[in-house]
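> I'm passing along upload26.txt; it holds compact mmCIF, C-alpha atoms.
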```
# COMPACT_ATOMS: atom_id res chain seq x y z
CA PHE A 1 -74.81 -24.87 59.56
CA GLY A 2 -71.30 -24.17 58.34
CA CYS A 3 -70.76 -20.81 60.05
CA LYS A 4 -67.86 -19.73 62.27
CA ASN A 5 -69.85 -17.41 64.54
CA TYR A 6 -73.26 -15.93 65.31
CA TRP A 7 -72.84 -12.92 63.04
CA GLU A 8 -71.97 -15.04 60.03
CA PHE A 9 -74.89 -17.35 60.82
CA ARG A 10 -77.34 -14.44 61.07
CA GLY A 11 -76.10 -12.75 57.92
CA LYS A 12 -76.27 -15.94 55.87
CA TYR A 13 -79.63 -17.33 56.92
CA PHE A 14 -81.66 -14.36 58.20
CA GLN A 15 -82.96 -11.02 56.94
CA SER A 16 -83.87 -7.93 58.93
CA ASP A 17 -86.39 -5.13 58.89
CA PHE A 18 -85.37 -1.72 57.63
CA GLN A 19 -84.29 -0.71 61.15
CA GLY A 20 -82.12 -3.78 61.68
CA PHE A 21 -83.86 -4.61 64.98
CA THR A 22 -85.93 -7.62 63.98
CA TRP A 23 -84.55 -10.64 62.12
CA TRP A 24 -86.35 -13.63 60.63
CA LEU A 25 -85.41 -16.69 58.61
CA LYS A 26 -85.08 -16.26 54.85
CA PRO A 27 -87.89 -18.25 53.19
CA LYS A 28 -85.55 -20.29 50.97
CA PHE A 29 -83.82 -21.75 54.06
CA LYS A 30 -86.99 -22.91 55.83
CA PRO A 31 -86.82 -26.48 54.39
CA LEU A 32 -83.18 -26.79 55.50
CA PHE A 33 -83.92 -25.67 59.06
CA LYS A 34 -87.01 -27.85 59.25
CA THR A 35 -84.99 -30.90 58.26
CA GLN A 36 -82.11 -30.19 60.62
CA LEU A 37 -84.24 -29.23 63.63
CA HIS A 38 -86.51 -32.21 63.16
CA LYS A 39 -83.60 -34.46 64.09
CA ASP A 40 -82.99 -32.87 67.50
CA ALA A 41 -86.09 -30.90 68.52
CA TYR A 42 -89.82 -31.22 69.09
CA ILE A 43 -92.57 -28.64 69.46
CA LEU A 44 -95.01 -28.15 72.31
CA THR A 45 -98.07 -25.97 71.92
CA ARG A 46 -98.91 -23.28 74.48
CA LYS A 47 -101.73 -25.52 75.70
CA GLN A 48 -99.36 -28.44 76.23
CA VAL A 49 -97.07 -26.35 78.45
CA GLY A 50 -100.00 -24.90 80.38
CA VAL A 51 -100.04 -21.27 79.19
CA ALA A 52 -103.06 -21.42 76.91
CA ASN A 53 -105.30 -19.16 79.00
CA ARG A 54 -108.53 -18.26 77.25
CA ARG A 55 -108.42 -14.67 76.02
CA VAL A 56 -111.23 -12.23 75.40
CA TYR A 57 -110.63 -9.00 73.49
CA GLU A 58 -112.95 -6.01 73.73
CA ARG A 59 -112.91 -2.58 72.11
CA ARG A 60 -114.41 0.55 73.62
CA ILE A 61 -114.99 3.12 70.88
CA ILE A 62 -114.80 6.66 72.24
CA GLU A 63 -116.04 9.77 70.46
CA MET A 64 -113.53 12.60 70.25
CA PRO A 65 -114.74 16.12 71.23
CA ASN A 66 -115.26 18.42 68.23
CA SER A 67 -112.66 20.91 69.43
CA LEU A 68 -110.04 18.17 69.58
CA ARG A 69 -111.17 16.71 66.24
CA ARG A 70 -110.18 19.98 64.59
CA LYS A 71 -106.68 19.66 66.06
CA TYR A 72 -106.45 16.08 64.87
CA ILE A 73 -107.50 16.99 61.30
CA GLU A 74 -104.95 19.79 61.21
CA MET A 75 -102.14 17.40 62.11
CA GLU A 76 -103.46 14.69 59.80
CA ASN A 77 -103.80 16.94 56.74
CA LEU A 78 -101.34 19.76 57.32
CA PHE A 79 -98.72 18.11 59.57
CA LEU A 80 -99.13 20.91 62.11
CA THR A 81 -101.37 22.17 64.90
CA SER A 82 -101.22 24.41 67.97
CA LEU A 83 -101.05 23.47 71.65
CA PRO A 84 -103.32 24.88 74.38
CA SER A 85 -100.42 27.18 75.31
CA GLY A 86 -100.44 28.61 71.79
CA LYS A 87 -97.16 27.01 70.76
CA GLU A 88 -97.18 25.44 67.29
CA VAL A 89 -96.16 21.84 66.63
CA GLU A 90 -95.07 21.01 63.11
CA THR A 91 -93.31 18.15 61.36
CA LYS A 92 -92.50 16.93 57.86
CA ASN A 93 -91.79 13.38 59.00
CA VAL A 94 -94.55 10.77 58.62
CA LEU A 95 -93.46 8.75 61.66
CA ALA A 96 -93.39 11.89 63.80
CA GLN A 97 -96.85 12.75 62.48
CA MET A 98 -98.09 9.28 63.51
CA ASN A 99 -96.67 9.86 67.00
CA PHE A 100 -98.40 13.24 67.30
CA LEU A 101 -101.71 11.82 66.04
CA SER A 102 -101.51 9.05 68.66
CA GLN A 103 -101.00 11.61 71.41
CA ILE A 104 -103.89 13.78 70.23
CA ALA A 105 -106.13 10.68 70.12
CA GLY A 106 -105.32 10.30 73.84
CA GLY A 107 -106.26 13.91 74.60
CA PHE A 108 -102.87 15.60 74.73
CA LEU A 109 -99.80 16.60 72.75
CA LYS A 110 -96.27 17.15 73.99
CA GLY A 111 -97.39 17.08 77.62
CA GLU A 112 -100.20 19.62 77.22
CA GLU A 113 -103.78 18.48 77.77
CA PHE A 114 -106.52 19.19 75.23
CA SER A 115 -109.23 17.04 76.82
CA ASP A 116 -109.61 14.29 79.44
CA PHE A 117 -112.38 12.51 77.48
CA LYS A 118 -110.42 9.27 77.23
CA VAL A 119 -109.39 9.24 80.88
CA LYS A 120 -113.05 9.69 81.83
CA GLU A 121 -113.93 6.55 79.84
CA LEU A 122 -111.18 4.66 81.65
CA ILE A 123 -112.45 5.77 85.06
CA SER A 124 -116.01 4.84 84.06
CA LEU A 125 -114.83 1.29 83.35
CA LEU A 126 -112.89 1.00 86.61
CA GLU A 127 -115.78 2.36 88.69
CA GLY A 128 -118.37 0.30 86.83
CA GLU A 129 -118.03 -3.20 85.37
CA LEU A 130 -114.42 -3.60 86.52
CA LYS A 131 -115.08 -2.50 90.08
CA ASN A 132 -113.12 -4.64 92.57
CA GLU A 133 -111.04 -6.11 89.69
CA GLN A 134 -107.28 -5.63 89.81
CA THR A 135 -106.31 -4.06 86.50
CA VAL A 136 -103.13 -3.35 84.57
CA ILE A 137 -103.34 -0.17 82.47
CA TRP A 138 -100.86 0.01 79.59
CA THR A 139 -99.91 3.27 77.86
CA SER A 140 -97.34 4.41 75.33
CA TYR A 141 -96.41 7.82 76.72
CA LEU A 142 -94.93 8.95 80.00
CA TRP A 143 -97.32 11.89 80.21
CA GLU A 144 -100.28 9.51 79.87
CA VAL A 145 -99.00 7.51 82.84
CA ASP A 146 -98.66 10.61 85.01
CA GLN A 147 -102.03 12.04 84.00
CA ILE A 148 -103.95 8.78 84.51
CA TYR A 149 -102.17 8.19 87.83
CA ARG A 150 -103.05 11.67 89.10
CA LYS A 151 -106.72 11.38 88.15
CA LEU A 152 -107.08 7.90 89.63
CA LEU A 153 -105.62 9.17 92.89
CA GLU A 154 -108.22 11.95 92.87
CA LYS A 155 -110.88 9.23 92.60
CA LYS A 156 -109.38 7.44 95.64
CA PHE A 157 -108.08 4.41 93.73
CA ARG A 158 -105.17 2.51 95.24
CA VAL A 159 -102.79 2.97 92.34
CA LYS A 160 -99.09 3.13 91.45
CA LYS A 161 -97.33 4.18 88.26
CA ILE A 162 -94.40 2.75 86.32
CA HIS A 163 -92.35 4.51 83.66
CA GLY A 164 -88.71 5.08 82.82
CA ASP A 165 -88.26 7.94 85.28
CA VAL A 166 -89.49 5.89 88.25
CA PRO A 167 -86.52 4.50 90.29
CA ILE A 168 -85.99 0.73 90.22
CA GLU A 169 -86.54 0.41 93.98
CA GLU A 170 -89.88 2.19 93.72
CA ARG A 171 -90.90 -0.02 90.78
CA ASN A 172 -90.13 -3.15 92.80
CA GLN A 173 -92.15 -1.85 95.75
CA SER A 174 -95.10 -1.13 93.45
CA LYS A 175 -94.85 -4.60 91.94
CA SER A 176 -94.91 -6.19 95.40
CA LEU A 177 -97.95 -4.14 96.42
CA PHE A 178 -99.78 -5.12 93.25
CA GLN A 179 -98.89 -8.80 93.59
CA SER A 180 -100.10 -8.84 97.20
CA GLY A 181 -103.46 -7.34 96.22
CA GLU A 182 -102.90 -4.02 97.96
CA LEU A 183 -103.44 -2.01 94.77
CA ASP A 184 -106.55 -1.64 92.62
CA CYS A 185 -104.56 -0.93 89.50
CA ILE A 186 -101.14 -0.10 88.17
CA VAL A 187 -100.44 2.28 85.28
CA VAL A 188 -97.50 1.21 83.14
CA GLN A 189 -95.59 2.68 80.20
CA VAL A 190 -95.24 -0.41 78.03
CA ASP A 191 -91.56 0.03 77.10
CA THR A 192 -90.63 -0.08 80.78
CA TRP A 193 -92.29 -3.32 81.89
CA LYS A 194 -93.20 -5.35 78.83
CA GLN A 195 -90.89 -8.27 79.71
CA GLY A 196 -90.06 -10.41 82.73
CA ILE A 197 -92.68 -8.99 85.13
CA ASP A 198 -95.32 -11.20 86.72
CA LEU A 199 -98.65 -9.36 87.01
CA SER A 200 -100.71 -12.54 86.80
CA ASN A 201 -102.72 -11.90 89.96
CA SER A 202 -104.70 -9.63 87.59
CA SER A 203 -106.74 -11.06 84.74
CA THR A 204 -107.62 -7.73 83.14
CA ALA A 205 -105.48 -5.38 81.05
CA ILE A 206 -106.62 -2.08 79.57
CA TYR A 207 -104.72 -0.50 76.68
CA TYR A 208 -105.17 3.25 76.93
CA SER A 209 -102.91 3.52 73.89
CA ASN A 210 -100.85 1.17 71.74
CA SER A 211 -97.23 1.72 70.79
CA ASN A 212 -95.66 1.44 67.33
CA SER A 213 -94.39 -2.05 68.14
CA ALA A 214 -96.32 -5.28 67.67
CA ASP A 215 -93.80 -6.96 69.99
CA ASN A 216 -94.70 -4.53 72.79
CA ARG A 217 -98.30 -5.64 72.55
CA VAL A 218 -97.52 -9.36 72.46
CA GLN A 219 -95.11 -9.16 75.39
CA SER A 220 -97.35 -6.95 77.53
CA GLU A 221 -100.33 -9.27 77.03
CA MET A 222 -98.26 -12.11 78.50
CA ARG A 223 -97.70 -10.26 81.80
CA ILE A 224 -101.08 -11.40 83.16
CA GLU A 225 -100.65 -15.02 82.06
CA LYS A 226 -99.70 -17.88 84.39
CA ASN A 227 -99.30 -21.62 83.89
CA ASP A 228 -101.87 -22.79 86.42
CA LYS A 229 -104.30 -19.93 85.92
CA LYS A 230 -107.94 -20.83 85.21
CA GLU A 231 -109.50 -17.39 84.79
CA THR A 232 -110.28 -15.95 81.38
CA LEU A 233 -107.96 -13.08 80.47
CA LEU A 234 -109.68 -9.85 79.43
CA TYR A 235 -107.96 -7.28 77.20
CA ILE A 236 -109.77 -3.98 76.61
CA ASP A 237 -108.60 -1.42 74.04
CA LEU A 238 -109.75 2.19 74.42
CA ILE A 239 -110.02 3.38 70.84
CA THR A 240 -110.76 6.95 69.83
CA GLU A 241 -113.16 6.79 66.89
CA ASN A 242 -111.87 7.53 63.38
CA THR A 243 -108.26 8.06 64.46
CA ILE A 244 -104.92 6.30 64.27
CA ASP A 245 -106.08 4.26 67.29
CA GLU A 246 -108.24 2.26 64.86
CA ASP A 247 -105.39 1.86 62.37
CA LYS A 248 -103.02 0.53 65.02
CA TYR A 249 -105.59 -1.87 66.40
CA LYS A 250 -106.26 -3.38 62.98
CA SER A 251 -102.53 -3.88 62.41
CA LEU A 252 -102.01 -5.45 65.83
CA ALA A 253 -104.97 -7.77 65.32
CA ARG A 254 -103.17 -9.20 62.30
CA ARG A 255 -99.99 -9.61 64.37
CA LYS A 256 -97.78 -8.14 61.69
CA LYS A 257 -94.02 -8.43 61.96
CA GLN A 258 -92.44 -5.22 63.17
CA SER A 259 -90.80 -4.67 59.77
CA ASN A 260 -94.24 -4.30 58.16
CA TYR A 261 -96.01 -2.73 61.10
CA PHE A 262 -95.44 0.96 60.26
CA LEU A 263 -96.37 0.38 56.61
CA ASP A 264 -99.49 -1.48 57.66
CA ILE A 265 -100.62 1.40 59.89
CA LEU A 266 -100.00 3.88 57.07
CA GLU A 267 -102.07 1.77 54.69
CA ASN A 268 -104.89 1.65 57.24
CA MET A 269 -104.71 5.43 57.62
CA LYS A 270 -105.00 5.92 53.86
CA THR A 271 -107.94 3.52 53.62
CA ARG A 272 -109.78 5.25 56.48
CA ARG A 273 -109.48 8.64 54.77
CA LEU A 274 -111.01 7.41 51.49
```
Have the structure of the file written as structure tokens, please.


Amino acid sequence: FGCKNYWEFRGKYFQSDFQGFTWWLKPKFKPLFKTQLHKDAYILTRKQVGVANRRVYERRIIEMPNSLRRKYIEMENLFLTSLPSGKEVETKNVLAQMNFLSQIAGGFLKGEEFSDFKVKELISLLEGELKNEQTVIWTSYLWEVDQIYRKLLEKKFRVKKIHGDVPIEERNQSKSLFQSGELDCIVVQVDTWKQGIDLSNSSTAIYYSNSNSADNRVQSEMRIEKNDKKETLLYIDLITENTIDEDKYKSLARRKKQSNYFLDILENMKTRRL
């Protein structure tokens, strides 16, 4: 393509998001690439390579307690609220506000618990219709991992947790236990294990919360896939009603590129308030 190196090639033919993390082909060069690649490449669908597992997506809409709703509205409208300890949390940054709203929708903020209403819904699923099903539980925040892990242990589940502070050796041991069927579930912070991990002995994934990355969702969904797998894959999203959980889910369902993902969530938030 007439370039001396990768950087020249990327700069000439691709454009990035505002963060510079995600790059995609400039529309005007698509015909050129299509012509050139057609000479030396062919395309196989996911079904043709054996990874077209049937997927089922479910949403569980959870009502937020009134006391927590007041905290959520404060942060949504005023960009501030107070923690159970009395400490105030305030921001002027929209992205920080989105992060705080996501935490409140999960029942906590900055490591302090407001309510365990969402964890109770999770446990109800695991003790009910998902009983005896190995399950991967994905979360966005380290505190969520620790809190869910602690409460599942109290309920006598065989469970391990994975997040950035867990040593590599311990993560590998947990993976082996899960793969051998010795665990009921594993609670994972998505940024830690979204790529390269085989959790395909499970066919069920629960999303306690979604991150601000469409790629995180796509990659994490693939962890329970396998070429020769026949079972239907079940993905369950726990969504707190009338919160940013709904806005994120709508954006993810459209599989937006990461460059548009934040803007798409913001647009959903505005629409929901009208």

> So what do you get for CA of Thr91 in chain A versus CA of Gln103 in chain A, distance-wise?

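Interatomic distance here is 14.2 Å.
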
> Given the choices A:Glu63, A:Asp228, A:Asp116, A:Glu74, which gets closest to Asn242 in chain A if the distance is worked out from all atoms listed in the file?

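Checking each candidate against Asn242 in chain A, we get A:Glu63 as the closest.
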
> Which residue gives the smallest distance to Tyr235 in chain A among A:Leu152, A:Val188, A:Val218, A:Leu142, with only C-alpha atoms counted?

A:Val218

> For a test of reading the model, state the distance in Å between CA of Val119 in chain A and CA of Ile148 in chain A, rounded to one decimal.

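Straight-line distance from CA of Val119 in chain A to CA of Ile148 in chain A works out to 6.6 Å.
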
> What gap, in Å, lies between CA of Lys250 in chain A and CA of Val136 in chain A?

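Computing the Euclidean distance for CA of Lys250 in chain A and CA of Val136 in chain A yields 21.8 Å.
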
> Between A:Glu121, A:Asp184, A:Glu58, A:Glu113, which is the closest to Glu144 in chain A once you count all atoms listed in the file?

A:Glu113

> So which residues touch Thr243 in chain A within 10 Å, counting all atoms listed in the file, skipping near sequence neighbours fewer than 4 positions away, as a PDB file with C-alpha atoms, in the coordinates of the input?


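Below is the file that was written, selection-v5.pdb:
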```pdb
ATOM      1  CA  GLU A  63    -116.040   9.770  70.460  1.00  0.00           C
ATOM      2  CA  MET A  64    -113.530  12.600  70.250  1.00  0.00           C
ATOM      3  CA  ARG A  69    -111.170  16.710  66.240  1.00  0.00           C
ATOM      4  CA  TYR A  72    -106.450  16.080  64.870  1.00  0.00           C
ATOM      5  CA  ILE A  73    -107.500  16.990  61.300  1.00  0.00           C
ATOM      6  CA  GLU A  76    -103.460  14.690  59.800  1.00  0.00           C
ATOM      7  CA  LEU A 101    -101.710  11.820  66.040  1.00  0.00           C
ATOM      8  CA  SER A 102    -101.510   9.050  68.660  1.00  0.00           C
ATOM      9  CA  ILE A 104    -103.890  13.780  70.230  1.00  0.00           C
ATOM     10  CA  ALA A 105    -106.130  10.680  70.120  1.00  0.00           C
ATOM     11  CA  ILE A 239    -110.020   3.380  70.840  1.00  0.00           C
ATOM     12  CA  ASP A 247    -105.390   1.860  62.370  1.00  0.00           C
ATOM     13  CA  LYS A 248    -103.020   0.530  65.020  1.00  0.00           C
ATOM     14  CA  MET A 269    -104.710   5.430  57.620  1.00  0.00           C
ATOM     15  CA  ARG A 272    -109.780   5.250  56.480  1.00  0.00           C
ATOM     16  CA  ARG A 273    -109.480   8.640  54.770  1.00  0.00           C
TER      17      ARG A 273
END
```
